[in-house]
Amino acid sequence: MHLVQLLINGLVTGLIVALPALALSFTFAILRFANFAIGAMLTFGAYTAYVLNVSVGLPIVWAACGAAVVTGLVCVATDRAVYRKLRGRTPVTLLVASMGVAFFFENVVRMVFGNAIRGFDVDVARPIRFGELRVNHEQIVTLSVTVAALLGVWILLTRTKLGRAMRAVADDPELAAVRGVDSDRVIAWTWFIVGGLTAIAAVLIGLDGAIEPLMGWNYVIIVFAAAILGGLASPMAAVAGALLLGVTEELATLVLPSTYRTGVAFVLIALLLLFRPWGLFGKSRVER
Amino acid sequence: MQRLVIEGVCAGYAGRDIIHDVTVDVPAGSMVCVVGPNGSGKSTLMKTVAGLLPARTGRIAIGDHDVTALGAPGRARARLAYVPQERNIFRNMSIGENLRTGVEFLGIAGAKFEERIERVHALFPDLASRHRDQAGNLSGGQRQMLAFGCALMADPAVLLLDEPSAGLSPRYVDEMFEAIGRVHSSGITVFMIEQNTRKGLENSQMGVLLVSGQIRAAMSAAALLRDEQFHRLYLGGH
């Protein structure tokens with residue numbers, strides 16, 4: 001296939017992973033644990049959007065917005081019910097708790113909707129052709145939605161009071177408290193944003209493929225890989241990690257059968273963890 | 001200008017008290033320095049006053065405002081500013097953003113940011129031209145000044161300083177104490193702990209000696225410096 005076509009496909013694959021990877025590194029930076037439930041939240045977000053889109057009959061854009069808000073609120077509620085009681089415990093305790101949360105949400109989804117594969121109610125559009133290049137409608141949607149969301153997050157982090165409070169807590173929770181930052185509020189907002197970003201990504205995944213109870217599972221490892229590639233504690237680097245992962249996977253199909261695509265990503269992660277365990281972009285952060 | 005009252009405070013970690021029944025009265029507008037050997041509980045005392053460590057018993061008040069039940073954010077809003085000894089700046093933020101964090105989370109309506117930043121610049125001209133630099137790249141002395149500057153951005157009534165001279169070169173130590181003196185004379189109550197016993201007491205009005213978590217002496221700083229036994233034990237003098 002054409003090299004440029006592969007690059008485009010890889011970038012879009014990476015962009016889909018970018019938002020949940022960003023969400024994952026947010027929870028890691030602010031709450032100091034690896035949120036294993038990120039996959040289950042993807043599934044939950046996709047089904048919420050499905051209900052709003054297919055059962056309620058909202059256009060997909062509004063369904064996506066609704067799902068973002070609902071998933072955000074559910075994340076905040078989960079924090080109150082589960083993680084809040086475990087604050088200050090070891091990261092492993094919280095990781096295990098998030099596994100429990102993942103099983104809970106996945107089984108709730110399975111109980112309500114069964115195992116059938118579903119899809120959003122959207123018109124199928126013909127791919128757009130530029131000479132030899134084919135660009136899907138979904139790819140353009142993914143590109144524009146993800147870029148807009150990333151821009152929003154960047155403005156939030158660098159230009160707003162809430163963003164600075166989030167960075168302050170991520171940098172040093174004790175000092176943030178001394179400066180008057182109410183960490184419970186910052187944590188609640190973080191969960192809301194994490195839920196919202198995850199749900200938006202879930203809609204993009206659902207548009208591209210199918211909605212089924214295990215859809216989140218298929219993304220857990222790749223999302224973790226992208227976040228680790230960027231360096232877990234620096235949110236924007238997770239985005240770069242996701243893009244690099246997507247492009248590498250696609251380019252690997254030039255020399256390897258495409259069934260090995262995911263394997264290539266893991267070789268990349270293994271190499272990185274061996275030689276740059278702080279992440280590709282982790283260096284500019286000052287740890288002392 | 002506010003008085004800081006610490007009354008019968010016990011506090012520590014994991015159920016074991018490190019400071020026992022500590023009572024210190026810091027009069028409004030005064031400068032009080034706590035000295036004592038390593039491990040005497042000075043830092044624990046400071047953290048308890050700042051609200052990072054809960055007091056198991058006793059009472060802490062700023063003026064008439066009892067802040068015992070408040071955590072660190074609540075005490076910051078009650079105009080208590082605290083400069084920790086280490087980890088006292090946000091390393092991954094710029095210098096300008098650090099200064100901003102000194103005031104923006106305190107819920108003060110109409111805080112004059114520019115005016116406050118001018119005051120910090122007047123005190124530490126080094127910081128003025130470097131707002132965009134990442135704070136984590138500053139040297140130890142510059143970090144200490146930035147941390148001090150951040151605390152001043154809050155326009156505090158009471159300033160808590162945890163070993164302001166720790167890790168500073170002699171040139172910076174003098175500069176730091178001069179800055180503390182100027183801030184104090186502008187009407188801020190200062191309560192500090194200091195391992196540089198002589199410097200700390202020379203610059204303060206009152207001295208408090210803390211040993212094994214208990215107050216052993218509280219008198220004018222000059223009197224404490226002259227006290228023969230204290231001299232022998234803690235200043236290594238003749």
# chains A, B, ... in the order shown; residues from 1 in each chain; ligands from 1

call {"tool": "closest_atom_pairs", "arguments": {"of": "chain B", "to": "chain A", "cutoff": "7 Å", "atoms": "only C-alpha atoms", "output": "JSON lines"}}
result
{"residue": "B:Ala72", "atom": "CA", "partner": "A:Val178", "partner_atom": "CA", "distance": 5.2}
{"residue": "B:Pro73", "atom": "CA", "partner": "A:Gly180", "partner_atom": "CA", "distance": 3.8}
{"residue": "B:Gly74", "atom": "CA", "partner": "A:Gly180", "partner_atom": "CA", "distance": 6.7}
{"residue": "B:Ala76", "atom": "CA", "partner": "A:Gly180", "partner_atom": "CA", "distance": 5.4}
{"residue": "B:Arg77", "atom": "CA", "partner": "A:Gly180", "partner_atom": "CA", "distance": 6.5}
{"residue": "B:Tyr82", "atom": "CA", "partner": "A:Val178", "partner_atom": "CA", "distance": 6.8}
{"residue": "B:Asn88", "atom": "CA", "partner": "A:Leu175", "partner_atom": "CA", "distance": 6.5}
{"residue": "B:Phe90", "atom": "CA", "partner": "A:Asp171", "partner_atom": "CA", "distance": 6.0}
{"residue": "B:Arg91", "atom": "CA", "partner": "A:Val286", "partner_atom": "CA", "distance": 6.1}
{"residue": "B:Asn92", "atom": "CA", "partner": "A:Arg285", "partner_atom": "CA", "distance": 6.2}
{"residue": "B:Thr101", "atom": "CA", "partner": "A:Arg179", "partner_atom": "CA", "distance": 6.6}
{"residue": "B:Gly102", "atom": "CA", "partner": "A:Arg179", "partner_atom": "CA", "distance": 5.9}
{"residue": "B:Phe105", "atom": "CA", "partner": "A:Gly180", "partner_atom": "CA", "distance": 5.3}
{"residue": "B:Leu106", "atom": "CA", "partner": "A:Gly180", "partner_atom": "CA", "distance": 5.5}
{"residue": "B:Gly136", "atom": "CA", "partner": "A:Val286", "partner_atom": "CA", "distance": 5.8}

call {"tool": "write_last_selection", "arguments": {"atoms": "C-alpha atoms", "output": "CSV table (one decimal), in the first residue's frame"}}
result
chain,number,residue,atom,x,y,z
B,72,ALA,CA,-3.5,23.2,55.2
B,73,PRO,CA,-5.8,24.8,52.5
B,74,GLY,CA,-8.1,26.2,55.1
B,76,ALA,CA,-3.8,29.2,53.9
B,77,ARG,CA,-7.1,31.0,53.4
B,82,TYR,CA,4.2,28.4,55.1
B,88,ASN,CA,8.9,24.1,48.3
B,90,PHE,CA,6.5,23.3,41.8
B,91,ARG,CA,9.4,22.1,39.7
B,92,ASN,CA,7.5,21.5,36.5
B,101,THR,CA,-0.1,29.7,42.7
B,102,GLY,CA,0.9,31.7,45.8
B,105,PHE,CA,-6.2,29.4,45.2
B,106,LEU,CA,-6.9,31.5,48.3
B,136,GLY,CA,13.0,23.1,38.6

call {"tool": "residues_around", "arguments": {"residues": "Arg59 of chain B", "least_positions_apart": "2", "cutoff": "12 Å", "atoms": "only C-alpha atoms", "output": "list in words"}}
result
Leu4, Val5, Ile6, Glu7, Gly8, Val9, Cys10, Ala11, Asp21, Val22, Thr23, Val24, Asp25, Thr48, Val49, Gly51, Pro54, Ala55, Arg56, Thr57, Ala61, Ile62, Asp64, His65, Asp66, Val67, Thr68, Ala69 and Leu70 of chain B

call {"tool": "write_last_selection", "arguments": {"atoms": "N, CA and C atoms", "output": "compact mmCIF listing (two decimals), in the first residue's frame"}}
result
# COMPACT_ATOMS: atom_id res chain seq x y z
N LEU B 4 -0.10 34.60 66.65
CA LEU B 4 -0.22 33.16 66.43
C LEU B 4 -0.16 32.47 67.79
N VAL B 5 -1.17 31.67 68.08
CA VAL B 5 -1.22 31.00 69.38
C VAL B 5 -1.14 29.48 69.18
N ILE B 6 -0.16 28.88 69.85
CA ILE B 6 -0.04 27.42 69.86
C ILE B 6 -0.18 27.02 71.32
N GLU B 7 -1.18 26.18 71.62
CA GLU B 7 -1.51 25.95 73.02
C GLU B 7 -1.66 24.46 73.31
N GLY B 8 -0.76 23.92 74.11
CA GLY B 8 -0.87 22.53 74.55
C GLY B 8 -0.94 21.52 73.44
N VAL B 9 -0.16 21.75 72.37
CA VAL B 9 -0.27 20.89 71.18
C VAL B 9 0.59 19.63 71.30
N CYS B 10 -0.03 18.47 71.07
CA CYS B 10 0.68 17.21 70.91
C CYS B 10 0.43 16.74 69.49
N ALA B 11 1.48 16.26 68.82
CA ALA B 11 1.29 15.75 67.45
C ALA B 11 2.43 14.83 67.11
N ASP B 21 2.78 18.65 74.33
CA ASP B 21 2.25 19.77 75.09
C ASP B 21 3.02 21.07 74.79
N VAL B 22 3.15 21.40 73.52
CA VAL B 22 3.91 22.59 73.14
C VAL B 22 3.01 23.83 73.18
N THR B 23 3.46 24.83 73.90
CA THR B 23 2.73 26.10 73.95
C THR B 23 3.67 27.24 73.58
N VAL B 24 3.34 27.96 72.53
CA VAL B 24 4.14 29.13 72.13
C VAL B 24 3.17 30.24 71.79
N ASP B 25 3.43 31.40 72.31
CA ASP B 25 2.62 32.56 71.97
C ASP B 25 3.47 33.49 71.12
N THR B 48 2.69 20.83 61.94
CA THR B 48 1.43 20.85 62.68
C THR B 48 0.80 22.24 62.62
N VAL B 49 1.64 23.27 62.75
CA VAL B 49 1.09 24.63 62.68
C VAL B 49 0.58 24.92 61.27
N GLY B 51 -0.73 22.86 59.27
CA GLY B 51 -1.95 22.10 58.98
C GLY B 51 -1.72 20.84 58.18
N PRO B 54 -2.19 16.74 61.69
CA PRO B 54 -3.21 17.16 62.65
C PRO B 54 -2.66 17.19 64.07
N ALA B 55 -3.10 18.16 64.84
CA ALA B 55 -2.74 18.20 66.26
C ALA B 55 -3.63 17.20 66.99
N ARG B 56 -3.02 16.30 67.76
CA ARG B 56 -3.83 15.30 68.47
C ARG B 56 -4.61 15.96 69.61
N THR B 57 -3.94 16.86 70.28
CA THR B 57 -4.63 17.66 71.30
C THR B 57 -4.16 19.09 71.16
N ALA B 61 -4.38 28.96 66.90
CA ALA B 61 -5.24 30.07 66.49
C ALA B 61 -4.43 31.17 65.84
N ILE B 62 -5.04 31.82 64.84
CA ILE B 62 -4.46 33.01 64.23
C ILE B 62 -5.35 34.17 64.66
N ASP B 64 -7.99 35.75 66.66
CA ASP B 64 -9.12 35.14 67.36
C ASP B 64 -9.67 33.93 66.61
N HIS B 65 -9.07 33.65 65.47
CA HIS B 65 -9.61 32.61 64.60
C HIS B 65 -8.98 31.26 64.95
N ASP B 66 -9.78 30.37 65.54
CA ASP B 66 -9.28 29.04 65.88
C ASP B 66 -9.19 28.20 64.61
N VAL B 67 -7.98 27.79 64.23
CA VAL B 67 -7.80 27.05 62.98
C VAL B 67 -7.47 25.58 63.21
N THR B 68 -7.58 25.12 64.46
CA THR B 68 -7.17 23.75 64.79
C THR B 68 -7.82 22.71 63.88
N ALA B 69 -9.11 22.92 63.58
CA ALA B 69 -9.84 21.92 62.82
C ALA B 69 -9.57 22.01 61.31
N LEU B 70 -8.90 23.09 60.87
CA LEU B 70 -8.69 23.27 59.43
C LEU B 70 -7.45 22.53 58.95

call {"tool": "select_by_dssp", "arguments": {"residues": "segment 1-235 of chain B", "states": "strand (DSSP E)", "output": "count of residues only"}}
result
61

call {"tool": "residues_around", "arguments": {"residues": "Val239 of chain A", "least_positions_apart": "2", "cutoff": "7 Å", "atoms": "only C-alpha atoms", "output": "list in words"}}
result
Ala18, Ala21, Leu22, Met236, Ala237, Gly241, Ala242 and Leu243 of chain A

call {"tool": "select_by_dssp", "arguments": {"residues": "segment 131-165 of chain B", "states": "alpha helix (DSSP H)", "output": "ChimeraX atom specification"}}
result
/B:140-153

call {"tool": "write_last_selection", "arguments": {"atoms": "C-alpha atoms", "output": "PDB file, in the first residue's frame"}}
result
ATOM      1  CA  GLY B 140      19.027  25.797  45.696  1.00  0.00           C
ATOM      2  CA  GLY B 141      19.305  29.406  46.792  1.00  0.00           C
ATOM      3  CA  GLN B 142      17.108  30.678  43.997  1.00  0.00           C
ATOM      4  CA  ARG B 143      14.490  28.030  44.799  1.00  0.00           C
ATOM      5  CA  GLN B 144      14.416  29.187  48.394  1.00  0.00           C
ATOM      6  CA  MET B 145      13.846  32.770  47.235  1.00  0.00           C
ATOM      7  CA  LEU B 146      11.102  31.726  44.845  1.00  0.00           C
ATOM      8  CA  ALA B 147       9.421  29.730  47.620  1.00  0.00           C
ATOM      9  CA  PHE B 148       9.642  32.741  49.898  1.00  0.00           C
ATOM     10  CA  GLY B 149       8.283  34.950  47.113  1.00  0.00           C
ATOM     11  CA  CYS B 150       5.327  32.597  46.577  1.00  0.00           C
ATOM     12  CA  ALA B 151       4.453  32.796  50.268  1.00  0.00           C
ATOM     13  CA  LEU B 152       4.540  36.600  50.094  1.00  0.00           C
ATOM     14  CA  MET B 153       2.195  36.627  47.098  1.00  0.00           C
TER      15      MET B 153
END

call {"tool": "residues_around", "arguments": {"residues": "Ala265 of chain A", "least_positions_apart": "3", "cutoff": "7 Å", "atoms": "only C-alpha atoms", "output": "ChimeraX atom specification"}}
result
/A:245,249,261-262,268-269

call {"tool": "atom_distance", "arguments": {"atom1": "atom CA of Pro59 of chain A", "atom2": "atom CA of Leu197 of chain A"}}
result
19.0 Å

call {"tool": "closest_residue", "arguments": {"among": "B:Leu201, B:Asp174, B:Ser43, B:Arg132", "to": "Ala223 of chain B", "atoms": "only C-alpha atoms"}}
result
B:Leu201

call {"tool": "atom_distance", "arguments": {"atom1": "atom CA of Arg110 of chain A", "atom2": "atom CA of Arg32 of chain A"}}
result
29.8 Å

call {"tool": "atom_distance", "arguments": {"atom1": "atom CA of Val153 of chain A", "atom2": "atom CA of Val194 of chain A"}}
result
10.6 Å

call {"tool": "residues_around", "arguments": {"residues": "Pro164 of chain B", "least_positions_apart": "5", "cutoff": "9 Å", "atoms": "only C-alpha atoms", "output": "list in words"}}
result
Val83, Pro84, Gln85, Gln144, Phe148, Val173, Met176, Phe177, Met192, Ile193 and Glu194 of chain B

call {"tool": "write_last_selection", "arguments": {"atoms": "N, CA and C atoms", "output": "PDB file, in the first residue's frame"}}
result
ATOM      1  N   VAL B  83       6.493  28.288  54.279  1.00  0.00           N
ATOM      2  CA  VAL B  83       7.547  27.960  53.326  1.00  0.00           C
ATOM      3  C   VAL B  83       8.256  26.701  53.811  1.00  0.00           C
ATOM      4  N   PRO B  84       7.990  25.551  53.163  1.00  0.00           N
ATOM      5  CA  PRO B  84       8.659  24.324  53.588  1.00  0.00           C
ATOM      6  C   PRO B  84      10.158  24.417  53.320  1.00  0.00           C
ATOM      7  N   GLN B  85      10.905  23.550  54.001  1.00  0.00           N
ATOM      8  CA  GLN B  85      12.358  23.580  53.816  1.00  0.00           C
ATOM      9  C   GLN B  85      12.741  22.983  52.463  1.00  0.00           C
ATOM     10  N   GLN B 144      14.830  28.700  47.080  1.00  0.00           N
ATOM     11  CA  GLN B 144      14.416  29.187  48.394  1.00  0.00           C
ATOM     12  C   GLN B 144      13.783  30.575  48.269  1.00  0.00           C
ATOM     13  N   PHE B 148       9.939  31.626  48.998  1.00  0.00           N
ATOM     14  CA  PHE B 148       9.642  32.741  49.898  1.00  0.00           C
ATOM     15  C   PHE B 148       8.740  33.750  49.177  1.00  0.00           C
ATOM     16  N   VAL B 173      22.642  33.202  52.641  1.00  0.00           N
ATOM     17  CA  VAL B 173      22.088  33.216  54.003  1.00  0.00           C
ATOM     18  C   VAL B 173      21.841  34.654  54.441  1.00  0.00           C
ATOM     19  N   MET B 176      19.012  36.168  52.509  1.00  0.00           N
ATOM     20  CA  MET B 176      17.730  35.615  52.947  1.00  0.00           C
ATOM     21  C   MET B 176      17.269  36.274  54.237  1.00  0.00           C
ATOM     22  N   PHE B 177      18.193  36.398  55.219  1.00  0.00           N
ATOM     23  CA  PHE B 177      17.771  36.990  56.485  1.00  0.00           C
ATOM     24  C   PHE B 177      17.441  38.471  56.328  1.00  0.00           C
ATOM     25  N   MET B 192       9.592  31.019  62.876  1.00  0.00           N
ATOM     26  CA  MET B 192      10.475  30.148  62.096  1.00  0.00           C
ATOM     27  C   MET B 192      11.213  29.154  62.970  1.00  0.00           C
ATOM     28  N   ILE B 193      11.688  28.088  62.314  1.00  0.00           N
ATOM     29  CA  ILE B 193      12.622  27.197  62.970  1.00  0.00           C
ATOM     30  C   ILE B 193      13.933  27.318  62.197  1.00  0.00           C
ATOM     31  N   GLU B 194      15.041  27.129  62.885  1.00  0.00           N
ATOM     32  CA  GLU B 194      16.312  27.367  62.214  1.00  0.00           C
ATOM     33  C   GLU B 194      17.401  26.505  62.841  1.00  0.00           C
TER      34      GLU B 194
END

call {"tool": "residues_around", "arguments": {"residues": "Asp123 of chain A", "least_positions_apart": "3", "cutoff": "12 Å", "atoms": "only C-alpha atoms", "output": "list in words"}}
result
Pro59, Ile60, Gly119, Phe120, Arg126, His137, Glu138 and Leu207 of chain A

call {"tool": "write_last_selection", "arguments": {"atoms": "C-alpha atoms", "output": "CSV table (one decimal), in the first residue's frame"}}
result
chain,number,residue,atom,x,y,z
A,59,PRO,CA,-28.0,12.5,16.7
A,60,ILE,CA,-24.6,11.0,17.3
A,119,GLY,CA,-23.5,-0.2,16.1
A,120,PHE,CA,-24.4,3.4,16.1
A,126,ARG,CA,-18.3,6.7,0.8
A,137,HIS,CA,-15.4,9.7,6.8
A,138,GLU,CA,-14.7,8.3,10.3
A,207,LEU,CA,-17.9,4.5,14.8

call {"tool": "residues_around", "arguments": {"residues": "Glu202 of chain B", "least_positions_apart": "5", "cutoff": "12 Å", "atoms": "only C-alpha atoms", "output": "ChimeraX atom specification"}}
result
/B:31-33,35,174,177-178,181,194,196-197,207,220-226

call {"tool": "closest_residue", "arguments": {"among": "A:Phe104, A:Trp189, A:Tyr50, A:Trp278", "to": "Leu73 of chain A", "atoms": "only C-alpha atoms"}}
result
A:Trp189
